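**Student:** Just so it is clear, I am handing over my_file.cif, which has mmCIF, C-alpha atoms and all ligand atoms.
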data_input
loop_
_atom_site.label_atom_id
_atom_site.label_comp_id
_atom_site.auth_asym_id
_atom_site.auth_seq_id
_atom_site.Cartn_x
_atom_site.Cartn_y
_atom_site.Cartn_z
CA MET A 1 71.44 139.97 127.07
CA SER A 2 71.12 136.48 125.63
CA ARG A 3 73.11 134.63 123.03
CA ILE A 4 72.03 132.03 120.55
CA PHE A 5 74.42 129.22 119.68
CA VAL A 6 73.86 127.09 116.63
CA LEU A 7 75.75 123.83 116.32
CA VAL A 8 76.52 122.74 112.81
CA ASP A 9 76.50 119.02 112.13
CA TRP A 10 77.65 117.16 109.10
CA THR A 11 75.85 114.06 107.98
CA LEU A 12 77.36 111.53 105.64
CA ARG A 13 74.93 109.70 103.40
CA PRO A 14 74.68 108.09 99.98
CA ASP A 15 74.43 110.70 97.20
CA ARG A 16 71.16 110.00 95.36
CA GLU A 17 70.89 113.36 93.62
CA ASP A 18 70.32 113.39 89.86
CA ASP A 19 73.79 114.83 89.26
CA ALA A 20 75.56 112.34 91.53
CA PRO A 21 78.17 110.09 89.92
CA PRO A 22 76.81 106.62 89.13
CA THR A 23 77.53 103.60 91.28
CA THR A 24 80.02 101.44 89.40
CA HIS A 25 81.18 97.83 89.64
CA ARG A 26 84.44 96.27 88.50
CA PHE A 27 86.49 93.19 89.26
CA ARG A 28 90.17 92.74 90.11
CA CYS A 29 92.07 89.49 89.72
CA LEU A 30 93.54 88.24 93.02
CA ALA A 31 95.62 85.41 91.54
CA LEU A 32 99.26 85.29 92.56
CA HIS A 33 102.14 84.80 90.14
CA ASP A 34 104.95 82.36 90.96
CA ASP A 35 106.86 85.20 92.67
CA ASP A 36 103.81 85.91 94.91
CA THR A 37 102.99 89.23 93.20
CA GLU A 38 99.30 89.75 92.51
CA CYS A 39 98.03 89.69 88.94
CA GLY A 40 95.97 92.80 89.72
CA ALA A 41 94.29 92.95 86.31
CA GLU A 42 91.06 94.99 86.55
CA SER A 43 87.98 95.35 84.44
CA GLU A 44 86.62 98.70 83.34
CA PRO A 45 84.00 100.10 85.74
CA VAL A 46 80.41 99.67 84.55
CA THR A 47 77.09 100.61 86.11
CA ASP A 48 75.46 97.22 85.53
CA PRO A 49 76.65 94.71 88.18
CA VAL A 50 75.62 91.74 86.03
CA ARG A 51 77.61 93.04 83.06
CA ALA A 52 80.60 93.54 85.38
CA GLN A 53 80.57 89.79 86.08
CA GLU A 54 81.39 89.04 82.42
CA TRP A 55 84.99 90.16 82.83
CA PRO A 56 86.18 87.38 85.21
CA PHE A 57 85.06 84.83 82.59
CA GLU A 58 87.03 86.65 79.87
CA HIS A 59 90.08 86.84 82.15
CA LEU A 60 89.78 83.14 83.05
CA ARG A 61 89.79 82.20 79.34
CA GLU A 62 93.13 84.01 78.92
CA HIS A 63 94.55 82.82 82.27
CA PRO A 64 92.93 79.49 83.24
CA GLU A 65 94.77 79.43 86.58
CA HIS A 66 93.38 82.83 87.70
CA THR A 67 90.25 81.92 89.64
CA GLY A 68 90.15 84.45 92.52
CA PHE A 69 88.54 87.88 92.10
CA ALA A 70 87.40 90.85 94.17
CA GLU A 71 84.41 92.97 93.23
CA ILE A 72 85.03 96.68 93.70
CA VAL A 73 81.91 98.79 94.12
CA GLU A 74 82.23 102.56 93.97
CA ARG A 75 79.15 104.25 95.43
CA PRO A 76 78.96 108.04 95.72
CA TRP A 77 78.43 109.51 99.18
CA VAL A 78 78.09 113.14 100.15
CA MET A 79 78.39 115.24 103.29
CA TRP A 80 75.30 117.29 104.04
CA ARG A 81 75.43 120.27 106.32
CA GLY A 82 72.60 120.43 108.82
CA PHE A 83 71.71 122.22 111.99
CA ARG A 84 71.06 120.76 115.39
CA ALA A 85 68.87 122.80 117.78
ZN ZN B 101 94.72 87.50 86.61
#
Can you turn what I pasted into structure tokens?

**Tutor:**
Amino acid sequence: MSRIFVLVDWTLRPDREDDAPPTTHRFRCLALHDDDTECGAESEPVTDPVRAQEWPFEHLREHPEHTGFAEIVERPWVMWRGFRA
């Protein structure tokens, strides 16, 4: 009598399917207030990375001392179930 064992592996990879959520870009202000708390203002997420870069300029016009920003990219990934012989 013989037995067959199948090992199941999971692979993590970027989700490029048509129904995957879009990759989005947004910016967060890193400027510190006088009491060392972060401003933390954030732009709305958009799919166009160039359009996302408009927000720091708008924020700077309202707060001329806020010059530090972080770009936040949200890229969908998915776990795929595969088999290893
Ligand atoms: Zn700010």

**Student:** I'd like the interatomic distance between atom CA of A:Thr23 and atom CA of A:Thr67, to a tenth of an Å.

**Tutor:**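 Pair atom CA of A:Thr23 / atom CA of A:Thr67 returns 25.2 Å.
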
**Student:** Pick out the closest residue to A:Pro45 from this set: A:Leu60, A:Leu32, A:Ile72, A:Met79. Count all atoms listed in the file.

**Tutor:** A:Ile72

**Student:** Quick one: pull the distance between atom CA of A:Pro14 and atom CA of A:Gly68, Å, one decimal.

**Tutor:**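 That distance, rounded to one decimal, is 29.2 Å.
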
**Student:** If you count all atoms listed in the file, which residues end up within 9 Å of ligand ZN 101 (chain B), as a ChimeraX atom specification?

**Tutor:** /A:28-33,38-42,56,59-60,62-69

**Student:** At what distance in Å, to one decimal, does atom CA of A:His25 lie from atom CA of A:Glu54?

**Tutor:**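 So the two atoms, atom CA of A:Glu54 and atom CA of A:His25, lie 11.4 Å apart.
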
**Student:** Write out as a ChimeraX atom specification which residues come within 8 Å of A:Thr11 when counting all atoms listed in the file, dropping same-chain ones fewer than 2 positions away.

**Tutor:** /A:9,13,79-82

**Student:** Centre and edge lengths, as JSON, for the axis-aligned box enclosing every listed atom of stretch 31-41 of chain A with 8 Å of padding on each of the six sides, in Å to one decimal?

**Tutor:**
{"center_x": 100.6, "center_y": 87.7, "center_z": 90.6, "size_x": 28.6, "size_y": 26.6, "size_z": 24.6}

**Student:** Neighbourhood query: residues within 12 Å of (76.7, 94.9, 84.5), file coordinates, counting all atoms listed in the file; return as a PDB file with C-alpha atoms, in the coordinates of the input.

**Tutor:**
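result-v6.pdb was written with the following content:
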ATOM      1  CA  THR A  23      77.530 103.600  91.280  1.00  0.00           C
ATOM      2  CA  THR A  24      80.020 101.440  89.400  1.00  0.00           C
ATOM      3  CA  HIS A  25      81.180  97.830  89.640  1.00  0.00           C
ATOM      4  CA  ARG A  26      84.440  96.270  88.500  1.00  0.00           C
ATOM      5  CA  PHE A  27      86.490  93.190  89.260  1.00  0.00           C
ATOM      6  CA  SER A  43      87.980  95.350  84.440  1.00  0.00           C
ATOM      7  CA  GLU A  44      86.620  98.700  83.340  1.00  0.00           C
ATOM      8  CA  PRO A  45      84.000 100.100  85.740  1.00  0.00           C
ATOM      9  CA  VAL A  46      80.410  99.670  84.550  1.00  0.00           C
ATOM     10  CA  THR A  47      77.090 100.610  86.110  1.00  0.00           C
ATOM     11  CA  ASP A  48      75.460  97.220  85.530  1.00  0.00           C
ATOM     12  CA  PRO A  49      76.650  94.710  88.180  1.00  0.00           C
ATOM     13  CA  VAL A  50      75.620  91.740  86.030  1.00  0.00           C
ATOM     14  CA  ARG A  51      77.610  93.040  83.060  1.00  0.00           C
ATOM     15  CA  ALA A  52      80.600  93.540  85.380  1.00  0.00           C
ATOM     16  CA  GLN A  53      80.570  89.790  86.080  1.00  0.00           C
ATOM     17  CA  GLU A  54      81.390  89.040  82.420  1.00  0.00           C
ATOM     18  CA  TRP A  55      84.990  90.160  82.830  1.00  0.00           C
ATOM     19  CA  GLU A  71      84.410  92.970  93.230  1.00  0.00           C
ATOM     20  CA  VAL A  73      81.910  98.790  94.120  1.00  0.00           C
TER      21      VAL A  73
END

**Student:** Could you tell me which of A:Asp35, A:Phe57, A:Pro76, A:Ala70 comes closest to A:Leu12 if we count only C-alpha atoms?

**Tutor:**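 Of A:Asp35, A:Phe57, A:Pro76, A:Ala70, the one nearest A:Leu12, counting only C-alpha atoms, is A:Pro76.
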